[in-house]
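K.L.:
What follows is my_file07.txt, compact mmCIF, C-alpha atoms.
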# COMPACT_ATOMS: atom_id res chain seq x y z
CA MET M 1 -89.47 168.32 128.96
CA GLU M 2 -87.43 170.90 127.15
CA LEU M 3 -88.83 174.38 127.20
CA GLN M 4 -89.47 175.65 123.68
CA ARG M 5 -88.14 179.19 123.31
CA THR M 6 -90.07 181.51 121.09
CA PRO M 7 -89.13 185.01 120.01
CA GLU M 8 -90.20 187.61 122.53
CA VAL M 9 -91.09 191.06 121.29
CA ILE M 10 -90.25 194.19 123.22
CA ASP M 11 -91.92 197.42 122.14
CA LEU M 12 -90.47 200.77 123.17
CA GLU M 13 -92.31 203.99 122.48
CA ILE M 14 -89.84 206.83 122.08
CA PRO M 15 -90.80 210.50 122.33
CA ALA M 16 -89.76 212.44 119.22
CA ARG M 17 -86.85 214.18 120.97
CA ALA M 18 -83.16 213.97 120.15
CA GLU M 19 -82.25 213.42 123.80
CA VAL M 20 -84.05 210.07 123.82
CA VAL M 21 -81.92 208.37 121.16
CA SER M 22 -79.46 207.44 123.91
CA VAL M 23 -82.27 205.61 125.72
CA ALA M 24 -83.00 203.58 122.58
CA ARG M 25 -79.30 202.65 122.47
CA LEU M 26 -79.38 201.55 126.11
CA VAL M 27 -82.42 199.35 125.54
CA ILE M 28 -81.13 197.64 122.40
CA GLY M 29 -77.75 197.27 124.08
CA ALA M 30 -79.37 195.40 126.95
CA ILE M 31 -81.37 193.18 124.60
CA VAL M 32 -78.30 192.25 122.57
CA ALA M 33 -76.24 191.70 125.72
CA ALA M 34 -78.76 189.06 126.81
CA ASP M 35 -77.80 186.94 123.79
CA PRO M 36 -74.36 185.39 124.42
CA ALA M 37 -73.95 184.77 120.68
CA PHE M 38 -73.33 188.50 120.18
CA ASP M 39 -69.86 189.65 121.12
CA ASP M 40 -69.09 193.23 122.13
CA ASP M 41 -68.11 194.31 118.61
CA ARG M 42 -71.31 193.03 117.03
CA ALA M 43 -73.33 194.55 119.88
CA ALA M 44 -71.68 197.89 119.10
CA ASP M 45 -72.74 197.51 115.45
CA VAL M 46 -76.34 196.99 116.52
CA ARG M 47 -76.28 199.97 118.89
CA LEU M 48 -74.90 202.23 116.15
CA ALA M 49 -77.40 201.05 113.55
CA ILE M 50 -80.33 201.52 115.92
CA SER M 51 -79.03 204.95 116.86
CA GLU M 52 -79.04 205.88 113.17
CA ALA M 53 -82.53 204.50 112.56
CA CYS M 54 -84.02 206.21 115.63
CA THR M 55 -82.26 209.49 114.81
CA ASN M 56 -83.73 209.42 111.30
CA ALA M 57 -87.20 208.59 112.62
CA ILE M 58 -87.13 211.28 115.30
CA GLN M 59 -85.73 213.94 112.96
CA ALA M 60 -88.35 213.06 110.35
CA GLN M 61 -91.11 213.49 112.89
CA ILE M 62 -89.69 216.76 114.16
CA SER M 63 -89.30 218.20 110.67
CA SER M 64 -92.83 217.10 109.72
CA ASN M 65 -94.15 218.58 112.96
CA HIS M 66 -95.31 215.28 114.45
CA LEU M 67 -93.87 216.19 117.81
CA THR M 68 -96.30 214.45 120.12
CA THR M 69 -96.49 211.10 118.31
CA PRO M 70 -93.97 208.58 119.60
CA VAL M 71 -91.61 206.57 117.43
CA THR M 72 -91.87 202.83 118.04
CA MET M 73 -88.87 200.55 118.37
CA ARG M 74 -89.93 196.89 118.20
CA CYS M 75 -87.21 194.41 119.11
CA SER M 76 -86.97 190.66 119.15
CA SER M 77 -84.07 188.34 119.76
CA HIS M 78 -84.06 184.68 118.83
CA GLU M 79 -81.30 182.15 118.30
CA GLY M 80 -78.51 184.52 117.43
CA THR M 81 -80.59 186.96 115.39
CA VAL M 82 -81.82 190.32 116.61
CA THR M 83 -84.58 192.00 114.63
CA VAL M 84 -85.48 195.63 115.17
CA GLU M 85 -88.24 197.60 113.53
CA VAL M 86 -88.27 201.38 113.90
CA ILE M 87 -91.60 202.91 112.99
CA ASP M 88 -92.19 206.62 112.48
CA HIS M 89 -95.30 208.57 111.57
CA ALA M 90 -93.66 211.32 109.55
CA GLY M 91 -95.39 210.77 106.23
CA GLY M 92 -92.77 208.53 104.64
CA PHE M 93 -89.63 208.91 102.59
CA ASP M 94 -87.98 207.04 99.76
CA PRO M 95 -84.42 205.98 100.65
CA GLU M 96 -83.74 205.40 96.96
CA SER M 97 -84.34 209.10 96.37
CA LEU M 98 -81.25 210.00 98.39
CA GLU M 99 -78.65 211.55 96.15
CA PRO M 100 -75.36 209.68 96.25
CA HIS M 101 -72.53 211.57 97.87
CA PRO M 102 -69.26 212.35 96.13
CA GLU M 103 -66.47 209.86 96.78
CA VAL M 104 -64.77 210.43 100.11
CA THR M 105 -61.56 211.44 98.38
CA ASP M 106 -63.43 214.16 96.49
CA PRO M 107 -63.03 217.56 98.20
CA ALA M 108 -66.73 218.12 97.47
CA ARG M 109 -67.43 215.37 100.04
CA LEU M 110 -66.86 217.98 102.72
CA ASP M 111 -70.00 219.75 101.56
CA HIS M 112 -72.04 216.80 102.80
CA GLU M 113 -72.16 216.68 106.57
CA ARG M 114 -75.31 214.61 106.62
CA GLY M 115 -76.46 211.51 104.83
CA LEU M 116 -74.08 208.97 106.35
CA GLY M 117 -76.80 207.38 108.48
CA ILE M 118 -78.56 205.25 105.85
CA PRO M 119 -75.30 203.90 104.36
CA LEU M 120 -74.17 202.97 107.89
CA LEU M 121 -77.48 201.21 108.48
CA ARG M 122 -76.99 199.17 105.33
CA MET M 123 -73.39 198.29 106.20
CA LEU M 124 -73.99 197.30 109.80
CA SER M 125 -77.14 195.20 109.39
CA ASP M 126 -77.36 191.85 107.67
CA GLU M 127 -80.63 192.84 106.07
CA VAL M 128 -82.58 196.08 106.04
CA SER M 129 -85.84 197.09 104.40
CA PHE M 130 -87.61 200.43 104.24
CA ASN M 131 -91.37 200.11 104.08
CA ARG M 132 -94.05 202.70 103.55
CA THR M 133 -96.80 202.58 106.12
CA ALA M 134 -100.13 204.45 106.12
CA ASP M 135 -98.55 207.48 107.77
CA GLY M 136 -94.81 207.03 107.73
CA THR M 137 -91.92 204.62 107.39
CA SER M 138 -91.01 201.32 108.97
CA VAL M 139 -87.36 200.30 108.88
CA VAL M 140 -86.79 196.60 109.58
CA MET M 141 -83.25 195.49 110.37
CA HIS M 142 -81.90 192.00 111.00
CA PHE M 143 -78.61 191.47 112.79
CA MET M 144 -76.93 188.12 113.07
CA ALA M 145 -74.20 187.23 115.51
CA ARG M 146 -71.03 186.87 113.50
CA PRO M 147 -69.62 183.40 112.85
CA GLY M 148 -66.88 182.72 115.36
CA SER M 149 -68.48 184.96 117.95
CA THR M 150 -70.82 182.32 119.35
CA GLU M 151 -68.83 181.58 122.50
CA PRO M 152 -70.51 182.96 125.60
CA ARG M 153 -68.75 185.91 127.08
CA MET L 1 -75.96 210.65 128.27
CA ASP L 2 -73.62 213.58 128.40
CA LEU L 3 -70.84 215.05 126.38
CA ARG L 4 -67.82 216.59 128.05
CA ILE L 5 -65.55 218.98 126.20
CA ASP L 6 -62.46 220.65 127.57
CA VAL L 7 -60.20 222.96 125.64
CA GLY L 8 -56.43 223.13 126.06
CA GLN L 9 -53.39 224.37 124.23
CA GLN L 10 -50.41 222.26 123.21
CA GLY L 11 -47.86 224.27 121.26
CA SER L 12 -49.54 225.69 118.17
CA TRP L 13 -52.43 223.31 118.59
CA THR L 14 -55.75 223.86 120.32
CA VAL L 15 -56.81 220.51 121.74
CA LEU L 16 -60.50 219.79 122.26
CA GLY L 17 -60.77 216.84 124.61
CA VAL L 18 -64.13 215.15 124.10
CA GLY L 19 -65.67 212.53 126.36
CA GLY L 20 -68.98 210.67 126.40
CA GLU L 21 -71.35 210.08 123.51
CA ILE L 22 -71.54 212.15 120.33
CA ASP L 23 -74.99 211.81 118.81
CA VAL L 24 -77.83 213.95 117.51
CA ALA L 25 -78.47 215.37 120.97
CA THR L 26 -74.90 216.23 121.90
CA ALA L 27 -73.10 216.87 118.59
CA PRO L 28 -74.28 220.50 118.31
CA ARG L 29 -72.24 221.32 121.45
CA LEU L 30 -69.08 219.99 119.83
CA ARG L 31 -69.85 222.00 116.68
CA ASP L 32 -70.38 225.15 118.76
CA GLN L 33 -67.10 224.56 120.62
CA MET L 34 -65.17 224.21 117.35
CA ILE L 35 -66.80 227.36 115.96
CA ALA L 36 -65.91 229.21 119.18
CA ALA L 37 -62.26 228.14 118.93
CA LEU L 38 -62.08 229.30 115.31
CA SER L 39 -63.71 232.62 116.14
CA GLU L 40 -60.97 233.13 118.76
CA GLY L 41 -58.37 232.73 116.04
CA LYS L 42 -57.47 229.15 116.98
CA HIS L 43 -57.26 227.66 113.50
CA ASN L 44 -55.27 224.50 114.22
CA LEU L 45 -57.49 222.03 116.02
CA VAL L 46 -56.91 218.59 117.47
CA VAL L 47 -60.10 216.83 118.51
CA ASN L 48 -59.19 214.15 121.02
CA LEU L 49 -61.76 211.34 120.85
CA GLU L 50 -59.93 209.05 123.31
CA ALA L 51 -62.69 209.36 125.95
CA VAL L 52 -65.55 209.06 123.45
CA ASP L 53 -67.67 205.97 124.08
CA PHE L 54 -69.92 206.36 121.08
CA ILE L 55 -70.16 208.35 117.86
CA ASP L 56 -72.76 208.11 115.14
CA SER L 57 -73.26 209.75 111.76
CA THR L 58 -74.38 213.03 113.30
CA GLY L 59 -71.09 213.18 115.21
CA LEU L 60 -69.15 212.31 112.07
CA GLY L 61 -71.01 215.09 110.27
CA VAL L 62 -69.96 217.61 112.89
CA LEU L 63 -66.33 216.50 112.54
CA ILE L 64 -66.64 216.92 108.75
CA SER L 65 -68.01 220.42 109.30
CA GLY L 66 -65.10 221.15 111.66
CA LEU L 67 -62.55 220.00 109.10
CA LYS L 68 -64.24 222.11 106.45
CA ARG L 69 -64.29 225.23 108.62
CA VAL L 70 -60.68 224.79 109.66
CA LYS L 71 -59.60 224.43 106.03
CA THR L 72 -61.57 227.57 105.17
CA HIS L 73 -59.50 229.40 107.79
CA GLY L 74 -56.25 227.98 106.42
CA GLY L 75 -55.68 225.82 109.49
CA GLU L 76 -55.18 222.14 110.10
CA PHE L 77 -57.52 219.64 111.72
CA ARG L 78 -56.42 216.39 113.35
CA LEU L 79 -58.24 213.68 115.26
CA VAL L 80 -56.99 211.43 118.03
CA SER L 81 -58.33 207.92 118.57
CA ALA L 82 -56.79 204.52 119.13
CA GLU L 83 -60.10 202.87 119.92
CA GLN L 84 -60.77 200.12 117.39
CA ARG L 85 -64.54 200.52 117.52
CA LEU L 86 -64.32 204.20 116.65
CA LEU L 87 -61.67 203.64 114.00
CA LYS L 88 -63.87 200.99 112.43
CA ILE L 89 -66.65 203.55 111.92
CA PHE L 90 -64.22 205.89 110.17
CA GLU L 91 -63.03 203.01 108.01
CA ILE L 92 -66.42 201.70 106.90
CA THR L 93 -67.57 205.21 106.01
CA GLY L 94 -64.32 205.93 104.16
CA LEU L 95 -63.67 208.89 106.41
CA ASP L 96 -60.30 207.49 107.50
CA ALA L 97 -59.13 208.78 104.11
CA VAL L 98 -60.55 212.24 104.84
CA PHE L 99 -59.28 212.79 108.39
CA ASN L 100 -55.77 212.87 109.73
CA ILE L 101 -56.13 210.43 112.66
CA HIS L 102 -53.40 209.92 115.27
CA PRO L 103 -53.22 207.39 118.11
CA SER L 104 -52.39 209.95 120.81
CA VAL L 105 -52.47 213.69 121.45
CA ASP L 106 -48.67 213.71 121.72
CA GLU L 107 -48.34 212.21 118.25
CA ALA L 108 -51.01 214.49 116.83
CA THR L 109 -49.23 217.57 118.14
CA ALA L 110 -45.65 216.39 117.59
CA GLN L 111 -45.47 218.06 114.21
CA PRO L 112 -46.37 221.73 113.87
CA PRO L 113 -49.37 222.60 111.73
CA SER L 114 -48.87 222.61 107.98
CA PRO L 115 -51.36 225.21 106.81
CA GLY L 116 -53.28 224.24 103.73
CA ILE L 117 -52.98 220.48 104.26
Transcribe the structure of this file into structure tokens.

P.N.:
Amino acid sequence: MELQRTPEVIDLEIPARAEVVSVARLVIGAIVAADPAFDDDRAADVRLAISEACTNAIQAQISSNHLTTPVTMRCSSHEGTVTVEVIDHAGGFDPESLEPHPEVTDPARLDHERGLGIPLLRMLSDEVSFNRTADGTSVVMHFMARPGSTEPR
Amino acid sequence: MDLRIDVGQQGSWTVLGVGGEIDVATAPRLRDQMIAALSEGKHNLVVNLEAVDFIDSTGLGVLISGLKRVKTHGGEFRLVSAEQRLLKIFEITGLDAVFNIHPSVDEATAQPPSPGI
């Protein structure tokens, strides 16, 4: 009898400290590495996107003084798709309210050191949604293994 | 994860060799090192990213701030990376059009600084 595989969920509670973002990257890196459909390049995309999402969540909690509440990273991997939800408790924010930056060729672009994280998230994930929760924000990202990268490493 | 930074001199260029991961936890150290170099009158900086395993938007932001500070001082700012994964991040953010990126330190420092560029 063939064993039916179902998505397994891994929850990681992350203290709201900048030093822990690297731990989140290690964990998601290990989860993605377990799926042979993801090649190294796509795995690097996922690690970067998760780093951005966790950085945003942790910084939001620090700036809203929610220092002792952990951020949750909820991961699942199933048939070539990795889904990650990063949940903070920082009161919520509206990503649409972000002011667009000047074009990169505009010298005024140099006045904007921050704000690259959300655009990177959007570019690296196949689907992303920002959801208000009772006390913060949940960012749900889906990553698919790229076509042509399905050969096991 | 750690960030290693060493500072050297190659001709008119001050070369900051960076290794490890540049993220929200470590990027402030790179920013401080660039500010320290500028405060010592070293206005032409090469940041060598060859040994960098990972950079995210916080790291990119610190490099943008470095470029801005160097320009304010009339110096020149160059990056070194030949790593495709890093270069891809510069490309998708459009920052490859903002930074002067060279494949090696030798190539980055081959030409003397051109103040104001």

K.L.:
Tell me which of M:Ala90, M:Ile118, M:Ala24, M:Ala145 sits closest to Asp40 of chain M, counting all atoms listed in the file.

P.N.:
M:Ala145

K.L.:
Kindly provide, as a list in words, the residues of chain L having any atom no farther than 6 Å from an atom of chain M, counting all atoms listed in the file.

P.N.:
Val24, Ala25, Ser57, Gly61 and Ile64 of chain L

K.L.:
Go through L:Leu87, L:Val98, L:Leu3, L:Ala108 and flag the residue nearest Leu63 of chain L, using only C-alpha atoms for the distances.

P.N.:
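Closest to Leu63 of chain L of all the choices is L:Val98.
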
K.L.:
For Pro36 of chain M, which residue among M:Cys75, M:Ile87, M:Ile62, M:Val82 is the nearest when counting only C-alpha atoms?

P.N.:
M:Val82

K.L.:
Write out as a ChimeraX atom specification the residues lying within 8 Å of Gly20 of chain L, counting only C-alpha atoms and excluding same-chain residues fewer than 5 positions away.

P.N.:
/L:1-4,51-54

K.L.:
Excluding same-chain residues fewer than 6 positions from Arg31 of chain L, what lies within 8 Å of it counting only C-alpha atoms, as a list in words?

P.N.:
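In the requested format, the answer is Val62, Leu63, Ser65 and Gly66 of chain L.
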
K.L.:
Figure out the distance between atom CA of Thr26 of chain L and atom CA of Met73 of chain M, please, to one decimal in Å.

P.N.:
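Value for the atom CA of Met73 of chain M-atom CA of Thr26 of chain L distance: 21.3 Å.
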
K.L.:
What separation in Å, quoted to one decimal, exists between atom CA of Val9 of chain M and atom CA of Ala53 of chain M?

P.N.:
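Those two atoms sit 18.2 Å apart.
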
K.L.:
Hey, can you check how far atom CA of Gly136 of chain M sits from atom CA of Val71 of chain M?

P.N.:
10.2 Å

K.L.:
For His73 of chain L, which residue among L:Asp106, L:Glu21, L:Glu40, L:Asp32 is the nearest when counting only C-alpha atoms?

P.N.:
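Residue with the minimum atom-to-atom distance to His73 of chain L: L:Glu40.
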
K.L.:
My list of candidates is L:Leu45, L:Val15, L:Val7, L:Ala36. Which is closest to Val70 of chain L when distances are computed with all atoms listed in the file?

P.N.:
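Residue with the minimum atom-to-atom distance to Val70 of chain L: L:Leu45.
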
K.L.:
Excluding same-chain residues fewer than 4 positions from His66 of chain M, what lies within 9 Å of it counting all atoms listed in the file, as a list in words?

P.N.:
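Listed by chain and then number, they are Ala16, Ala60, Gln61, Ile62, Pro70, His89 and Ala90 of chain M.
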
K.L.:
Applying 6 Å and only C-alpha atoms, which residues near Ala27 of chain L remain after dropping the ones on its own chain fewer than 4 positions away? List them as a VMD selection string.

P.N.:
chain L and resid 22 to 23 59

K.L.:
Would you mind telling me which residue in L:Ile55, L:Leu60, L:Ala110, L:Ala82 lies nearest to Leu95 of chain L when using only C-alpha atoms?

P.N.:
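That would be L:Leu60, the residue with the smallest distance to Leu95 of chain L.
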
K.L.:
Give me the residues within 8 Å of Glu8 of chain M as a ChimeraX atom specification, counting all atoms listed in the file and dropping any in the same chain fewer than 2 places off.

P.N.:
/M:6,10,76-78
